[in-house]
$ cat coords21.cif   # mmCIF, C-alpha atoms
data_start
#
loop_
_atom_site.label_atom_id
_atom_site.label_comp_id
_atom_site.auth_asym_id
_atom_site.auth_seq_id
_atom_site.Cartn_x
_atom_site.Cartn_y
_atom_site.Cartn_z
CA MET Q 1 0.00 0.00 0.00
CA SER Q 2 1.02 3.64 -0.37
CA VAL Q 3 3.08 5.71 2.06
CA VAL Q 4 0.01 7.57 3.32
CA VAL Q 5 -1.79 4.35 4.24
CA ARG Q 6 1.33 2.92 5.91
CA THR Q 7 1.95 6.05 7.99
CA ILE Q 8 -1.69 6.28 9.13
CA ALA Q 9 -1.67 2.56 9.96
CA ARG Q 10 1.46 2.98 12.11
CA ILE Q 11 -0.32 5.72 14.07
CA ILE Q 12 -3.72 4.05 14.38
CA VAL Q 13 -2.79 0.41 15.13
CA PRO Q 14 -1.56 1.13 18.72
CA MET Q 15 -4.77 3.09 19.34
CA ILE Q 16 -6.92 0.17 18.15
CA LEU Q 17 -4.91 -2.23 20.34
CA ALA Q 18 -5.35 0.06 23.38
CA PHE Q 19 -9.09 0.36 22.75
CA GLY Q 20 -9.42 -3.43 22.46
CA ALA Q 21 -7.51 -3.88 25.72
CA TYR Q 22 -9.82 -1.29 27.34
CA VAL Q 23 -12.95 -3.11 26.16
CA ILE Q 24 -11.63 -6.42 27.54
CA MET Q 25 -10.40 -4.87 30.81
CA HIS Q 26 -13.74 -3.19 31.58
CA GLY Q 27 -15.78 -6.15 30.35
CA HIS Q 28 -17.47 -6.67 33.70
CA LEU Q 29 -18.43 -2.99 34.07
CA THR Q 30 -19.27 -1.56 30.65
CA PRO Q 31 -20.68 -2.91 27.37
CA GLY Q 32 -18.32 -5.23 25.62
CA GLY Q 33 -16.16 -7.98 26.98
CA GLY Q 34 -13.78 -10.68 25.88
CA PHE Q 35 -15.35 -11.39 22.50
CA GLN Q 36 -15.85 -7.77 21.47
CA GLY Q 37 -12.39 -6.66 22.61
CA GLY Q 38 -10.80 -9.66 20.95
CA ALA Q 39 -12.58 -8.81 17.70
CA VAL Q 40 -11.28 -5.24 17.93
CA ILE Q 41 -7.71 -6.50 18.44
CA ALA Q 42 -8.14 -8.95 15.55
CA SER Q 43 -9.26 -6.05 13.35
CA ALA Q 44 -5.93 -4.35 14.15
CA ILE Q 45 -4.15 -7.53 12.98
CA ALA Q 46 -6.30 -7.49 9.81
CA LEU Q 47 -5.35 -3.85 9.19
CA LEU Q 48 -1.66 -4.75 9.51
CA LEU Q 49 -2.17 -7.62 7.04
CA VAL Q 50 -3.96 -5.48 4.45
CA VAL Q 51 -1.45 -2.63 4.71
CA PHE Q 52 1.89 -4.41 5.02
CA GLY Q 53 1.07 -7.67 3.21
CA SER Q 54 0.85 -11.10 4.72
CA GLY Q 55 4.52 -11.97 4.09
CA ARG Q 56 5.72 -9.72 6.92
CA LEU Q 57 3.53 -11.50 9.47
CA ALA Q 58 3.99 -15.07 8.22
CA GLY Q 59 6.48 -15.88 10.99
CA HIS Q 60 3.91 -15.18 13.72
CA LYS Q 61 1.55 -17.98 12.63
CA ASN Q 62 2.69 -20.42 15.31
CA LEU Q 63 2.70 -17.67 17.97
CA LEU Q 64 -0.96 -16.92 17.23
CA SER Q 65 -1.84 -20.63 17.44
CA LEU Q 66 -0.01 -20.87 20.78
CA LEU Q 67 -1.84 -17.81 22.17
CA GLU Q 68 -5.21 -19.24 21.10
CA ASP Q 69 -4.48 -22.53 22.90
CA LEU Q 70 -3.29 -20.57 25.95
CA GLY Q 71 -6.56 -18.61 26.07
CA ALA Q 72 -8.68 -21.76 25.96
CA ILE Q 73 -6.54 -23.49 28.61
CA ALA Q 74 -6.66 -20.42 30.89
CA PHE Q 75 -10.47 -20.26 30.58
CA VAL Q 76 -10.95 -23.92 31.54
CA ALA Q 77 -8.32 -23.71 34.30
CA LEU Q 78 -10.08 -20.68 35.82
CA ALA Q 79 -13.36 -22.61 35.67
CA PHE Q 80 -11.71 -25.56 37.43
CA LEU Q 81 -10.52 -23.26 40.28
CA GLY Q 82 -13.96 -23.53 41.87
CA ILE Q 83 -14.36 -27.29 41.43
CA GLY Q 84 -14.43 -27.65 45.24
CA CYS Q 85 -17.97 -26.28 45.19
CA THR Q 86 -19.16 -26.18 41.58
CA PHE Q 87 -17.60 -25.80 38.16
CA PHE Q 88 -17.21 -22.07 37.30
CA ARG Q 89 -17.62 -21.03 40.97
CA ASN Q 90 -16.26 -17.51 41.44
CA VAL Q 91 -13.65 -18.18 44.13
CA LEU Q 92 -11.95 -14.77 43.88
CA ALA Q 93 -15.06 -12.58 44.34
CA GLY Q 94 -15.07 -10.78 47.66
CA SER Q 95 -11.80 -12.37 48.80
CA GLY Q 96 -10.01 -9.01 49.00
CA GLY Q 97 -7.19 -9.97 46.65
CA LEU Q 98 -6.93 -9.65 42.89
CA PHE Q 99 -10.30 -8.41 41.52
CA GLY Q 100 -11.71 -9.34 44.93
CA MET Q 101 -13.06 -6.05 46.27
CA PRO Q 102 -16.55 -6.47 47.77
CA VAL Q 103 -19.10 -4.51 45.73
CA PRO Q 104 -20.89 -1.80 47.76
CA PRO Q 105 -24.68 -2.02 47.54
CA GLY Q 106 -26.70 0.50 45.57
CA PRO Q 107 -25.86 2.49 42.44
CA ASN Q 108 -22.15 3.15 41.99
CA PRO Q 109 -19.88 4.26 39.14
CA GLY Q 110 -18.40 0.74 38.85
CA PHE Q 111 -15.19 -0.38 40.47
CA LEU Q 112 -12.52 -2.05 38.36
CA ASN Q 113 -11.14 -4.23 41.15
CA THR Q 114 -14.31 -6.32 41.46
CA GLY Q 115 -15.75 -9.34 39.72
CA GLY Q 116 -13.50 -12.16 40.92
CA THR Q 117 -12.59 -14.53 38.10
CA LEU Q 118 -14.83 -12.75 35.56
CA PRO Q 119 -12.19 -10.20 34.38
CA LEU Q 120 -9.59 -12.96 34.17
CA MET Q 121 -11.99 -15.06 32.08
CA ASN Q 122 -12.64 -11.99 29.91
CA TRP Q 123 -8.91 -11.78 29.30
CA ALA Q 124 -8.77 -15.49 28.44
CA VAL Q 125 -11.68 -15.18 25.98
CA GLY Q 126 -10.20 -11.99 24.52
CA LEU Q 127 -6.84 -13.68 23.97
CA LYS Q 128 -8.50 -16.66 22.31
CA VAL Q 129 -10.77 -14.59 20.04
CA ALA Q 130 -8.01 -12.16 19.03
CA ALA Q 131 -5.51 -14.92 18.26
CA GLY Q 132 -8.12 -17.13 16.60
CA LEU Q 133 -9.61 -14.49 14.29
CA GLY Q 134 -6.13 -13.07 13.67
CA SER Q 135 -4.79 -16.45 12.58
CA VAL Q 136 -7.87 -17.00 10.37
CA VAL Q 137 -7.20 -13.70 8.56
CA LEU Q 138 -3.46 -14.41 8.41
CA LEU Q 139 -4.00 -17.88 6.89
CA LEU Q 140 -6.41 -16.41 4.33
CA GLY Q 141 -3.75 -13.82 3.45
CA LEU Q 142 -1.06 -16.47 3.10
CA PHE Q 143 -3.29 -18.79 1.05
CA GLY Q 144 -2.45 -19.17 -2.61
CA GLY Q 145 0.90 -17.41 -2.74
CA GLY Q 146 1.64 -13.83 -3.74
CA ASP Q 147 -0.41 -10.65 -3.50
CA ASP Q 148 -0.45 -9.80 -7.18
CA ARG Q 149 -2.22 -6.42 -6.89
CA MET R 1 -42.42 11.74 15.28
CA THR R 2 -39.59 12.50 17.65
CA LEU R 3 -36.02 13.31 16.66
CA TRP R 4 -35.07 9.83 17.87
CA GLY R 5 -37.48 8.18 15.44
CA VAL R 6 -36.37 10.38 12.52
CA LEU R 7 -32.73 9.44 13.18
CA GLN R 8 -33.62 5.75 13.21
CA VAL R 9 -35.58 5.99 9.93
CA ILE R 10 -32.67 7.82 8.23
CA THR R 11 -30.20 5.22 9.49
CA LEU R 12 -32.31 2.28 8.32
CA VAL R 13 -32.90 3.85 4.88
CA LEU R 14 -29.13 4.35 4.53
CA VAL R 15 -28.54 0.71 5.57
CA VAL R 16 -30.88 -0.44 2.78
CA VAL R 17 -29.21 1.94 0.29
CA GLY R 18 -25.77 0.54 1.21
CA ALA R 19 -26.97 -3.04 0.82
CA ALA R 20 -28.55 -2.25 -2.57
CA LEU R 21 -25.30 -0.58 -3.70
CA ALA R 22 -23.34 -3.65 -2.61
CA VAL R 23 -25.49 -5.77 -4.93
CA TRP R 24 -25.66 -3.27 -7.78
CA LEU R 25 -22.00 -2.18 -8.10
CA ARG R 26 -19.82 -4.01 -10.66
CA ASP R 27 -16.51 -3.03 -9.05
CA LEU R 28 -16.13 -5.60 -6.26
CA LEU R 29 -13.91 -3.38 -4.09
CA ALA R 30 -16.56 -0.62 -4.19
CA ALA R 31 -19.22 -3.21 -3.35
CA VAL R 32 -17.20 -4.32 -0.31
CA ILE R 33 -16.87 -0.71 0.84
CA ALA R 34 -20.64 -0.25 0.45
CA LEU R 35 -21.21 -3.40 2.51
CA ALA R 36 -18.86 -2.07 5.22
CA ALA R 37 -20.70 1.26 5.32
CA SER R 38 -24.03 -0.58 5.57
CA SER R 39 -22.65 -2.67 8.44
CA LEU R 40 -21.32 0.40 10.25
CA LEU R 41 -24.71 2.13 9.95
CA LEU R 42 -26.36 -1.06 11.24
CA SER R 43 -24.09 -0.89 14.31
CA LEU R 44 -25.19 2.75 14.76
CA GLU R 45 -28.79 1.54 14.64
CA PHE R 46 -28.03 -1.07 17.31
CA TYR R 47 -26.59 1.73 19.44
CA LEU R 48 -29.72 3.84 18.91
CA LEU R 49 -31.82 0.85 20.02
CA GLN R 50 -29.73 0.84 23.26
CA ALA R 51 -27.81 -2.38 22.60
CA PRO R 52 -24.21 -1.10 22.81
CA ASP R 53 -22.85 -4.61 23.35
CA VAL R 54 -24.22 -5.79 20.00
CA ALA R 55 -23.11 -2.51 18.41
CA ILE R 56 -19.47 -3.09 19.39
CA ALA R 57 -19.58 -6.67 18.08
CA GLU R 58 -21.20 -5.55 14.82
CA ALA R 59 -18.67 -2.76 14.31
CA GLY R 60 -15.74 -5.09 15.05
CA ILE R 61 -16.86 -8.13 13.07
CA GLY R 62 -19.14 -6.69 10.39
CA ALA R 63 -17.42 -3.46 9.51
CA ALA R 64 -13.75 -4.32 10.11
CA LEU R 65 -13.00 -8.05 9.91
CA THR R 66 -15.27 -9.14 7.04
CA THR R 67 -14.12 -6.12 5.03
CA ALA R 68 -10.49 -7.12 5.55
CA ILE R 69 -11.28 -10.72 4.58
CA TYR R 70 -13.11 -9.60 1.41
CA ILE R 71 -10.27 -7.23 0.47
CA LEU R 72 -7.71 -10.03 0.92
CA ALA R 73 -9.90 -12.33 -1.23
CA ILE R 74 -10.24 -9.66 -3.96
CA ARG R 75 -6.47 -9.22 -3.92
CA LYS R 76 -6.04 -12.93 -4.64
CA THR R 77 -8.64 -12.97 -7.45
CA ARG R 78 -10.17 -10.46 -9.91
CA ARG R 79 -11.47 -7.02 -9.03
CA LYS R 80 -14.15 -6.71 -11.72
CA GLU R 81 -17.26 -8.83 -11.76
CA GLU R 82 -17.79 -10.90 -14.92
CA GLU R 83 -20.95 -10.72 -17.00
#
$ encode --input "coords21.cif" --output "structure tokens"
Amino acid sequence: MSVVVRTIARIIVPMILAFGAYVIMHGHLTPGGGFQGGAVIASAIALLLVVFGSGRLAGHKNLLSLLEDLGAIAFVALAFLGIGCTFFRNVLAGSGGLFGMPVPPGPNPGFLNTGGTLPLMNWAVGLKVAAGLGSVVLLLGLFGGGDDR
Amino acid sequence: MTLWGVLQVITLVLVVVGAALAVWLRDLLAAVIALAASSLLLSLEFYLLQAPDVAIAEAGIGAALTTAIYILAIRKTRRKEEE
């Protein structure tokens, strides 16, 4: 692609990545969550592919596969944390540690350090969706050899 | 009719116009852009109907990812539609 498109892409890709990370991070407070944030991050990967060509990103194919597996394993492992009571039991909620702040009753602006395992599961889903959709687009870009136009 | 309703009617008419352009245009790249615009307006309509969760998913998947996939596919094949 042309110099203009490449320069704009260099500026805008970090912003898209930051917005995707924001959507995943605040998944338990605001609209959006793991899937939506992961799709936003995957769209940044798609933008990189369209602008710079798939050849530059071909080496990251195995890394994306590894990240997708890691997301799925983290999701199931977090679900198994509560197996002492039930599958998917939220063991971290209200414990006072990571994401364990007790939620005050009544209307509040939303506190980030709440939710227990939900934010961690959002991160797992976001990682899986971003890496999965990213590798789908990357494989489509690599399919059939060169970009002739 | 309130301003809210007028905005929704305009958005839906533009969605239909974008979809019709996507079918009618012979240049496949232009058709893909029309489809992306239609999808983006549909996500605006979801936001107006107070479903921001669906709106984010529609904007991410419909407007960005499928457009990128179509553009990559057009790059691998022909740009003009055959008769």
$ residues_around --input "coords21.cif" --residues "Gly60 (chain R)" --least-positions-apart "5" --cutoff "10 Å" --atoms "only C-alpha atoms" --output "list in words"
Gly20, Phe35, Gln36, Gly37, Gly38, Ala39, Val40, Ile41, Ala42, Ser43 and Ala44 of chain Q; Ser39, Leu40, Ser43, Val54, Ala55, Leu65 and Thr66 of chain R
$ write_last_selection --input "coords21.cif" --atoms "C-alpha atoms" --output "short mmCIF file (atom, residue, chain, number, x, y, z; two decimals), in the frame of the given file"
data_model
loop_
_atom_site.label_atom_id
_atom_site.label_comp_id
_atom_site.auth_asym_id
_atom_site.auth_seq_id
_atom_site.Cartn_x
_atom_site.Cartn_y
_atom_site.Cartn_z
CA GLY Q 20 -9.42 -3.43 22.46
CA PHE Q 35 -15.35 -11.39 22.50
CA GLN Q 36 -15.85 -7.77 21.47
CA GLY Q 37 -12.39 -6.66 22.61
CA GLY Q 38 -10.80 -9.66 20.95
CA ALA Q 39 -12.58 -8.81 17.70
CA VAL Q 40 -11.28 -5.24 17.93
CA ILE Q 41 -7.71 -6.50 18.44
CA ALA Q 42 -8.14 -8.95 15.55
CA SER Q 43 -9.26 -6.05 13.35
CA ALA Q 44 -5.93 -4.35 14.15
CA SER R 39 -22.65 -2.67 8.44
CA LEU R 40 -21.32 0.40 10.25
CA SER R 43 -24.09 -0.89 14.31
CA VAL R 54 -24.22 -5.79 20.00
CA ALA R 55 -23.11 -2.51 18.41
CA LEU R 65 -13.00 -8.05 9.91
CA THR R 66 -15.27 -9.14 7.04
#
$ closest_atom_pairs --input "coords21.cif" --of "chain Q" --to "chain R" --cutoff "10 Å" --atoms "only C-alpha atoms" --output "Markdown table"
| residue | atom | partner | partner_atom | distance |
| --- | --- | --- | --- | --- |
| Q:Gly20 | CA | R:Gly60 | CA | 9.9 |
| Q:Val23 | CA | R:Ile56 | CA | 9.4 |
| Q:Thr30 | CA | R:Asp53 | CA | 8.7 |
| Q:Pro31 | CA | R:Asp53 | CA | 4.9 |
| Q:Gly32 | CA | R:Asp53 | CA | 5.1 |
| Q:Gly33 | CA | R:Asp53 | CA | 8.3 |
| Q:Phe35 | CA | R:Ala57 | CA | 7.7 |
| Q:Gln36 | CA | R:Ala57 | CA | 5.2 |
| Q:Gly37 | CA | R:Gly60 | CA | 8.4 |
| Q:Gly38 | CA | R:Gly60 | CA | 8.9 |
| Q:Ala39 | CA | R:Gly60 | CA | 5.6 |
| Q:Val40 | CA | R:Gly60 | CA | 5.3 |
| Q:Ile41 | CA | R:Gly60 | CA | 8.8 |
| Q:Ala42 | CA | R:Leu65 | CA | 7.5 |
| Q:Ser43 | CA | R:Leu65 | CA | 5.5 |
| Q:Ala44 | CA | R:Ala64 | CA | 8.8 |
| Q:Ile45 | CA | R:Leu65 | CA | 9.4 |
| Q:Ala46 | CA | R:Ala68 | CA | 6.0 |
| Q:Leu47 | CA | R:Ala68 | CA | 7.1 |
| Q:Leu48 | CA | R:Ala68 | CA | 10.0 |
| Q:Leu49 | CA | R:Ala68 | CA | 8.5 |
| Q:Val50 | CA | R:Ala68 | CA | 6.8 |
| Q:Gly53 | CA | R:Leu72 | CA | 9.4 |
| Q:Ser54 | CA | R:Leu72 | CA | 9.4 |
| Q:Leu133 | CA | R:Leu65 | CA | 8.5 |
| Q:Gly134 | CA | R:Leu65 | CA | 9.3 |
| Q:Val136 | CA | R:Ile69 | CA | 9.2 |
| Q:Val137 | CA | R:Ile69 | CA | 6.4 |
| Q:Leu138 | CA | R:Ile69 | CA | 9.5 |
| Q:Leu140 | CA | R:Leu72 | CA | 7.4 |
| Q:Gly141 | CA | R:Leu72 | CA | 6.0 |
| Q:Leu142 | CA | R:Leu72 | CA | 9.5 |
| Q:Phe143 | CA | R:Lys76 | CA | 8.6 |
| Q:Gly144 | CA | R:Lys76 | CA | 7.5 |
| Q:Gly145 | CA | R:Lys76 | CA | 8.5 |
| Q:Gly146 | CA | R:Lys76 | CA | 7.8 |
| Q:Asp147 | CA | R:Lys76 | CA | 6.2 |
| Q:Asp148 | CA | R:Arg75 | CA | 6.9 |
| Q:Arg149 | CA | R:Arg75 | CA | 5.9 |
$ residues_around --input "coords21.cif" --residues "region 69-74 of chain Q" --least-positions-apart "6" --cutoff "9 Å" --atoms "all atoms listed in the file" --output "PyMOL selection string"
chain Q and resi 120-121+123-129+131
$ resolve_selection --input "coords21.cif" --expression "the PyMOL selection byres ((chain Q and resi 106-110) around 12)" --output "list in words"
His26, Gly27, His28, Leu29, Thr30, Met101, Pro102, Val103, Pro104, Pro105, Phe111, Leu112, Asn113, Thr114 and Gly115 of chain Q
$ atom_distance --input "coords21.cif" --atom1 "CA of Gly59 (chain Q)" --atom2 "CA of Ala130 (chain Q)"
17.0 Å
$ resolve_selection --input "coords21.cif" --expression "the PyMOL selection byres ((chain Q and resi 98) around 9)" --output "compact mmCIF listing (two decimals) with C-alpha atoms, keeping the file's coordinate frame"
# COMPACT_ATOMS: atom_id res chain seq x y z
CA LEU Q 92 -11.95 -14.77 43.88
CA ALA Q 93 -15.06 -12.58 44.34
CA SER Q 95 -11.80 -12.37 48.80
CA GLY Q 96 -10.01 -9.01 49.00
CA GLY Q 97 -7.19 -9.97 46.65
CA PHE Q 99 -10.30 -8.41 41.52
CA GLY Q 100 -11.71 -9.34 44.93
CA MET Q 101 -13.06 -6.05 46.27
CA ASN Q 113 -11.14 -4.23 41.15
CA THR Q 114 -14.31 -6.32 41.46
CA GLY Q 116 -13.50 -12.16 40.92
CA THR Q 117 -12.59 -14.53 38.10
$ resolve_selection --input "coords21.cif" --expression "the PyMOL selection byres ((chain R and resi 17) around 12)" --output "list in words"
Ile10, Thr11, Leu12, Val13, Leu14, Val15, Val16, Gly18, Ala19, Ala20, Leu21, Ala22, Val23, Trp24, Leu25, Ala31, Ala34, Leu35, Ala37, Ser38, Ser39, Leu41 and Leu42 of chain R
$ atom_distance --input "coords21.cif" --atom1 "CA of Ala36 (chain R)" --atom2 "CA of Ala21 (chain Q)"
23.5 Å
$ axis_aligned_box --input "coords21.cif" --around "region 63-80 of chain Q" --padding-each-side "3 Å" --output "lines of an AutoDock Vina configuration file"
center_x = -5.3
center_y = -21.2
center_z = 27.3
size_x = 22.1
size_y = 14.6
size_z = 26.2
